[in-house]
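Heads up: the structure comes next, in structure tokens.
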Amino acid sequence: MSTRAEGEGPGRFAVAETLDRGVYALFARHADRSRHDRAREWYRAADLRVGFDRYLARAYALSWLVGLWAAALTVLAGLVVPAGWLAALAAVAHDGLPLVQRLSWPALPRFPVAVGLGLLAGWLARRGTVRLAGTYLRWVASARRAAIERTLPGAVRYLRALATGSDDGRTLLGQVAAADAYGETSAAFRRVLNRAALTGSLDVGLRRVARDTPSRETLAPFLLKFREHADQGADALSQFLEMESRMLSHRQARARQRAEDFLELVAELFVVLLVLPALLVVVVTVLAVLAPGLSEPVSTPLGGTTPRALLAYGSAVFVLVIGAGATALVASLQPPSAAPPTHERPGGLGTLLTAPRNPASAAVVAVVPGLAVLGAALALGYPPARATLLAYVAYGLPVGLVAVRRARLDDAKDREIRDFVHAVAGRVTLGRPLADAVAAVARETDLGELSDDVADLAYRLDLAAAPPSPGAGDADQPDASTADGRTAALDAFVESVGTPLAEQTIGLVTGALELGGDPEAAFETLQTEVGRLRHERKALRSSMLVYVAVGWTTALLVVGIVLAVHGHVLDGFAQLSAVQDAGGSAATTALDPAAVDRARSGRRFYWVAQATMLACGWFAGTAARGRYEALLHSAALALVCHVAFAAAGVV
């Protein structure tokens with residue numbers, strides 16, 4: 001059996017490769033057309049792993065498949081749709097379109113009309129697929145440009161610190177390329193070094209990446225200027241990096257201000273789009289008492305329903321989509337310095353042991369209580385939808401609480417990092433070695449949650465600075481061993497702290513010391529960087545708390561409005577309808593008694609409100625600290641909504 005499985009893999013790959021070659025032979029000629037010149041520019045900026053000709057050939061092949069599928073589906077729909085629907089649609093088109101309403105045509109046979117519409121739909125689908133392939137390249141290029149512009153200022157400040165120890169362009173770019181904290185900028189520098197290795201010239205690598213990068217206004221001019229100043233010596237390069245870092249910092253501050261202004265608009269639009277569906281459902285429910293047509297049954301592919309039900313559940317789906325979109329937009333607008341840390345889950349038993357302090361581990365362990373609540377709710381007779389919602393609450397609350405606990409621990413460490421850096425910098429400025437300075441800070445300063453990490457760093461640095469044993473080798477080997485040990489100690493300290501601030505700041509010292517830079521200058525730059533990043537994070541956190549309040553206020557407002565309408569307005573209509581039934585024809589108000597069903601309306605109100613709770617919770621949690629806290633806020637709001645509706649007797 002294993003032999004056959006091994007033989008099937010290469011066979012499948014061979015078939016896929018053969019199909020790919022056939023697709024390339026059929027459609028690669030389209031890549032030379034002038035209408036794809038813009039897509040070729042987007043392709044170079046997107047930096048995909050596949051060639052442009054092959055990418056476009058695959059897009060054309062997919063477009064034919066989509067076009068044939070759309071054409072067949074349209075023809076089939078035209079043949080099975082009831083004739084009355086087609087006649088009504090033709091009447092609307094005839095009476096509504098200008099000029100056409102003055103014309104008259106005989107009734108056309110169904111089959112030719114269906115085929116004609118199918119051909120039109122297939123052509124539009126095929127063209128739309130090719131256009132979407134080009135649009136995808138533009139999206140990828142735009143995402144890369146945004147990522148570069150967010151991370152380039154920090155990378156330039158890192159280069160400035162590294163320039164105190166070396167003026168070799170390859171070495172400086174290599175240090176930034178190896179740093180994960182600078183994201184897409186590090187990837188761009190790696191491409192520069194790869195091109196330089198292939199061509200044998202760093203200038204060629206810089207020019208080619210500057211030509212192909214999507215960041216034409218920031219990274220491209222920086223790379224070209226870096227090439228010029230690197231050839232002029234260490235002083236010219238250091239001055240250029242200092243000036244460039246200031247200019248990019250000002251540009252980043254302006255971009256951040258624009259993002260905050262845009263986020264205010266997003267929050268206002270978010271509130272409107274979430275409140276309106278709930279109000280619309282309430283109004284339609286009330287009007288259905290006076291408009292019996294809203295309660296008339298209609299047939300759908302999923303079964304019979306009413307316009308009121310379609311509107312209610314459609315509004316719930318709309319609210320969830322708006323919430324997910326607003327959440328993704330908020331996450332994309334946050335700068336990298338404010339992004340939550342990426343938690344890695346250990347394997348095996350470590351997942352269970354680290355669950356109380358690691359959200360990634362808690363996200364796996366919390367599946368157990370979620371499934372337990374789901375089974376208990378189904379056993380107690382809850383409907384499947386409500387049981388699933390309760391399971392979501394049981395899953396999201398513990399994961400979110402662990403995330404908040406870990407975030408507070410990280411915040412405490414970030415606060416102490418600033419004091420730690422200032423204390424070490426003061427001792428290094430007085431001429432003390434780095435190991436002695438860290439050891440003195442560990443003994444004399446109370447750093448709270450950071451104390452254990454600093455003590456471990458002092459121990460590692462002391463081992464790295466220990467004199468070599470007799471007969472260790474030549475005189476240069478101890479210095480290299482000490483430098484490697486010091487770098488390893490600082491890297492272990494950054495990994496132990498585990499916060500983005502530690503990675504972005506302590507890495508400055510690590511890289512500078514690796515290149516033989518002046519520790520005093522490195523720590524001076526580090527103090528500035530720590531203060532700037534801390535200020536940015538505090539300012540951003542304060543501004544984001546406003547959107548947390550917006551999410552909670554909107555959610556609770558919707559719950560209050562819906563419960564008030566259900567408890568008072570619908571109750572009044574139910575009593576009035578009962579009076580009409582008792583009075584017969586003597587009643588003066590024409591009400592539909594079947595339209596006032598408080599239990600049915602309560603269920604619909606409940607689901608619209610719960611969809612609003614989830615959307616508001618996602619928005620508020622993402623604005624606070626990321627996706628794990630989004631679970632906490634959405635689960636908490638869903639629980640509040642359930643308790644409120646249950647206490648009011650609605651569910």
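Here, A, B, ... name the chains of the structure tokens in the order displayed, residue numbers run from 1 inside each chain, and ligands are numbered from 1 in the same displayed order.
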
Going by DSSP on the backbone, which residues of stretch 164-411 of chain A come out as strand (DSSP E or B)? List them as a ChimeraX atom specification. /A:298-300,303-305

Take the selection from the previous step and output its residues with N, CA and C atoms, as a CSV table (one decimal), in the first residue's frame.
```
chain,number,residue,atom,x,y,z
A,298,VAL,N,-43.5,33.3,0.9
A,298,VAL,CA,-42.8,33.3,-0.4
A,298,VAL,C,-41.9,32.1,-0.4
A,299,SER,N,-41.7,31.5,-1.7
A,299,SER,CA,-40.9,30.3,-1.8
A,299,SER,C,-39.5,30.7,-2.2
A,300,THR,N,-38.6,30.0,-1.6
A,300,THR,CA,-37.1,30.2,-1.9
A,300,THR,C,-36.5,28.8,-2.1
A,303,GLY,N,-36.7,26.7,0.9
A,303,GLY,CA,-38.0,26.5,1.5
A,303,GLY,C,-38.9,27.8,1.6
A,304,GLY,N,-40.1,27.6,2.2
A,304,GLY,CA,-40.9,28.8,2.3
A,304,GLY,C,-40.6,29.7,3.5
A,305,THR,N,-40.8,31.0,3.3
A,305,THR,CA,-40.6,31.9,4.4
A,305,THR,C,-41.4,33.2,4.1
```

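Using only C-alpha atoms, the shortest contact distance between A:Met613 and any of A:Gly314, A:Glu416, A:Val530, A:Val393 is found at A:Val393.
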
Neighbours of stretch 128-142 of chain A within 7 Å (only C-alpha atoms; same-chain residues fewer than 4 positions away dropped), as an NGL selection string? :A and (39 or 42-43 or 45-46 or 59-60 or 63 or 124 or 146 or 214)

Restricted to N, CA and C atoms, what would the selected residues look like written as a short mmCIF file (atom, residue, chain, number, x, y, z; two decimals), in the first residue's frame?
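Listing of part33.cif after writing:
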```cif
data_model
loop_
_atom_site.label_atom_id
_atom_site.label_comp_id
_atom_site.auth_asym_id
_atom_site.auth_seq_id
_atom_site.Cartn_x
_atom_site.Cartn_y
_atom_site.Cartn_z
N ALA A 39 -0.45 45.44 -15.93
CA ALA A 39 -0.40 44.25 -15.06
C ALA A 39 1.03 43.76 -14.91
N TRP A 42 2.57 45.79 -12.16
CA TRP A 42 2.08 45.33 -10.87
C TRP A 42 2.73 44.00 -10.50
N TYR A 43 2.99 43.15 -11.50
CA TYR A 43 3.61 41.86 -11.23
C TYR A 43 5.03 42.04 -10.67
N ALA A 45 6.11 44.54 -9.01
CA ALA A 45 5.99 45.06 -7.65
C ALA A 45 5.47 44.00 -6.68
N ALA A 46 4.69 43.03 -7.20
CA ALA A 46 4.14 41.99 -6.32
C ALA A 46 5.16 40.94 -5.94
N ALA A 59 -4.29 32.43 -15.55
CA ALA A 59 -5.47 33.28 -15.39
C ALA A 59 -6.42 33.14 -16.57
N TYR A 60 -5.89 33.07 -17.79
CA TYR A 60 -6.75 32.89 -18.97
C TYR A 60 -7.42 31.53 -18.98
N SER A 63 -10.14 31.71 -16.58
CA SER A 63 -11.24 32.54 -17.08
C SER A 63 -12.15 31.75 -18.02
N LEU A 124 -18.83 37.90 -19.99
CA LEU A 124 -18.55 38.82 -18.88
C LEU A 124 -17.75 38.14 -17.77
N ALA A 146 2.47 49.18 1.48
CA ALA A 146 2.06 49.62 2.82
C ALA A 146 2.95 49.00 3.90
N PRO A 214 7.40 48.25 -5.02
CA PRO A 214 6.16 49.04 -5.09
C PRO A 214 6.24 50.36 -4.35
#
```

Counting only C-alpha atoms, what is within 8 Å of stretch 623-635 of chain A, bar same-chain residues fewer than 5 positions away, as a tab-separated table (two decimals) with N, CA and C atoms, in the first residue's frame?
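Everything below was put into around01.tsv:
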```tsv
chain	number	residue	atom	x	y	z
A	327	THR	N	-13.40	45.04	11.35
A	327	THR	CA	-12.32	44.47	12.17
A	327	THR	C	-11.03	44.34	11.38
A	330	VAL	N	-9.51	47.82	10.86
A	330	VAL	CA	-8.85	48.33	12.07
A	330	VAL	C	-7.49	47.66	12.27
A	331	ALA	N	-7.43	46.36	12.05
A	331	ALA	CA	-6.16	45.64	12.20
A	331	ALA	C	-5.13	46.12	11.21
A	339	ALA	N	1.30	46.56	17.12
A	339	ALA	CA	0.75	45.24	16.85
A	339	ALA	C	0.99	44.31	18.03
A	340	PRO	N	0.01	43.46	18.35
A	340	PRO	CA	0.20	42.52	19.46
A	340	PRO	C	1.27	41.50	19.12
A	359	PRO	N	-1.88	32.71	24.98
A	359	PRO	CA	-3.18	32.66	24.30
A	359	PRO	C	-3.24	31.63	23.18
A	392	TYR	N	-19.54	29.08	21.71
A	392	TYR	CA	-18.60	30.16	21.34
A	392	TYR	C	-18.25	31.01	22.55
A	393	VAL	N	-19.25	31.29	23.38
A	393	VAL	CA	-19.00	32.05	24.61
A	393	VAL	C	-18.06	31.29	25.53
A	394	ALA	N	-18.32	29.98	25.69
A	394	ALA	CA	-17.47	29.17	26.57
A	394	ALA	C	-16.05	29.05	26.03
A	396	GLY	N	-14.58	31.54	23.84
A	396	GLY	CA	-13.95	32.85	23.72
A	396	GLY	C	-13.57	33.49	25.04
A	397	LEU	N	-14.36	33.27	26.09
A	397	LEU	CA	-14.06	33.91	27.37
A	397	LEU	C	-12.72	33.47	27.96
A	398	PRO	N	-12.44	32.17	28.11
A	398	PRO	CA	-11.14	31.81	28.68
A	398	PRO	C	-9.96	32.20	27.81
A	399	VAL	N	-10.09	32.08	26.50
A	399	VAL	CA	-8.99	32.49	25.61
A	399	VAL	C	-8.74	33.99	25.74
A	400	GLY	N	-9.80	34.77	25.76
A	400	GLY	CA	-9.65	36.21	25.90
A	400	GLY	C	-9.07	36.61	27.24
A	401	LEU	N	-9.48	35.95	28.31
A	401	LEU	CA	-8.94	36.28	29.63
A	401	LEU	C	-7.45	35.96	29.72
A	403	ALA	N	-5.44	36.04	27.17
A	403	ALA	CA	-4.79	37.07	26.36
A	403	ALA	C	-4.65	38.37	27.13
A	404	VAL	N	-5.68	38.75	27.90
A	404	VAL	CA	-5.59	39.98	28.69
A	404	VAL	C	-4.52	39.84	29.77
A	407	ALA	N	-1.21	40.11	28.08
A	407	ALA	CA	-0.97	41.48	27.63
A	407	ALA	C	-0.56	42.38	28.78
A	541	ARG	N	-2.72	53.46	22.25
A	541	ARG	CA	-3.62	52.75	23.15
A	541	ARG	C	-4.72	53.67	23.66
A	544	MET	N	-7.21	54.18	20.86
A	544	MET	CA	-7.98	52.99	20.55
A	544	MET	C	-9.04	52.68	21.61
A	545	LEU	N	-8.82	53.13	22.84
A	545	LEU	CA	-9.83	52.90	23.87
A	545	LEU	C	-11.15	53.57	23.52
A	547	TYR	N	-12.50	53.58	20.60
A	547	TYR	CA	-13.24	52.67	19.73
A	547	TYR	C	-13.73	51.44	20.49
A	548	VAL	N	-13.06	51.08	21.56
A	548	VAL	CA	-13.59	50.04	22.44
A	548	VAL	C	-14.90	50.50	23.06
A	613	MET	N	-23.87	41.97	18.57
A	613	MET	CA	-22.91	41.76	19.67
A	613	MET	C	-21.59	41.21	19.14
A	614	LEU	N	-21.65	40.23	18.27
A	614	LEU	CA	-20.42	39.65	17.73
A	614	LEU	C	-19.63	40.67	16.93
A	615	ALA	N	-20.32	41.43	16.08
A	615	ALA	CA	-19.63	42.43	15.26
A	615	ALA	C	-18.99	43.50	16.14
A	616	CYS	N	-19.73	44.01	17.12
A	616	CYS	CA	-19.18	45.04	18.00
A	616	CYS	C	-18.03	44.49	18.84
A	617	GLY	N	-18.14	43.24	19.28
A	617	GLY	CA	-17.07	42.65	20.06
A	617	GLY	C	-15.80	42.47	19.25
A	618	TRP	N	-15.94	42.02	18.01
A	618	TRP	CA	-14.76	41.90	17.14
A	618	TRP	C	-14.09	43.26	16.94
```

Pull the helix (DSSP H, G or I) assignments for stretch 349-478 of chain A out of DSSP run on the backbone, and list those residues as a PyMOL selection string. chain A and resi 349-353+359-365+367-379+384-429+434-444+448-464+476-478

Write out as a list of chain:residue names the residues lying within 8 Å of A:Val608, counting only C-alpha atoms and excluding same-chain residues fewer than 5 positions away. A:Ala278, A:Ala312, A:Tyr313, A:Ser315, A:Ala316

Distance query stretch 174-185 of chain A at most 6 Å, only C-alpha atoms, self and fewer than 3 positions along chain excluded, as a short mmCIF file (atom, residue, chain, number, x, y, z; two decimals) with N, CA and C atoms, in the first residue's frame:
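What follows is the written file around.cif:
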```
data_model
loop_
_atom_site.label_atom_id
_atom_site.label_comp_id
_atom_site.auth_asym_id
_atom_site.auth_seq_id
_atom_site.Cartn_x
_atom_site.Cartn_y
_atom_site.Cartn_z
N ALA A 147 3.30 47.72 3.73
CA ALA A 147 4.16 47.06 4.72
C ALA A 147 5.56 47.67 4.74
N ILE A 148 6.09 48.02 3.57
CA ILE A 148 7.41 48.65 3.51
C ILE A 148 7.38 50.02 4.16
N THR A 151 7.45 49.77 7.96
CA THR A 151 8.64 49.23 8.63
C THR A 151 9.94 49.92 8.24
N LEU A 152 9.95 50.70 7.17
CA LEU A 152 11.21 51.33 6.73
C LEU A 152 11.78 52.31 7.75
N ARG A 170 27.03 45.94 2.33
CA ARG A 170 26.51 44.58 2.40
C ARG A 170 26.29 44.14 3.84
N THR A 171 27.24 44.46 4.71
CA THR A 171 27.13 44.05 6.11
C THR A 171 25.94 44.73 6.78
N ALA A 188 12.92 43.11 1.44
CA ALA A 188 13.47 43.90 0.32
C ALA A 188 15.00 43.93 0.38
N PHE A 189 15.54 44.08 1.58
CA PHE A 189 17.00 44.07 1.72
C PHE A 189 17.58 42.69 1.37
N ARG A 190 16.86 41.62 1.70
CA ARG A 190 17.33 40.29 1.31
C ARG A 190 17.34 40.14 -0.22
#
```

Could you give me, as a ChimeraX atom specification, the residues within 7 Å of A:Val494, counting only C-alpha atoms and dropping anything in the same chain fewer than 5 positions from it? /A:502-503,506

Residues from the last selection, N, CA and C atoms, saved as a PDB file, in the first residue's frame:
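Result saved to out.pdb:
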```
ATOM      1  N   ALA A 502      10.776  44.782  22.903  1.00  0.00           N
ATOM      2  CA  ALA A 502      12.106  44.221  23.179  1.00  0.00           C
ATOM      3  C   ALA A 502      12.811  43.849  21.892  1.00  0.00           C
ATOM      4  N   GLU A 503      12.079  43.275  20.950  1.00  0.00           N
ATOM      5  CA  GLU A 503      12.695  42.875  19.693  1.00  0.00           C
ATOM      6  C   GLU A 503      13.156  44.086  18.888  1.00  0.00           C
ATOM      7  N   ILE A 506      16.215  46.093  21.802  1.00  0.00           N
ATOM      8  CA  ILE A 506      17.435  45.389  22.184  1.00  0.00           C
ATOM      9  C   ILE A 506      18.189  44.905  20.949  1.00  0.00           C
TER      10      ILE A 506
END
```

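Distances from A:Ala620, A:Tyr382, A:Asn194, A:Ala326 to A:Val550 were compared using only C-alpha atoms, and the smallest one belongs to A:Ala620.
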
Would you mind reading off the distance between atom CA of A:Ala324 and atom CA of A:Pro277, one decimal, in Å? 15.6 Å
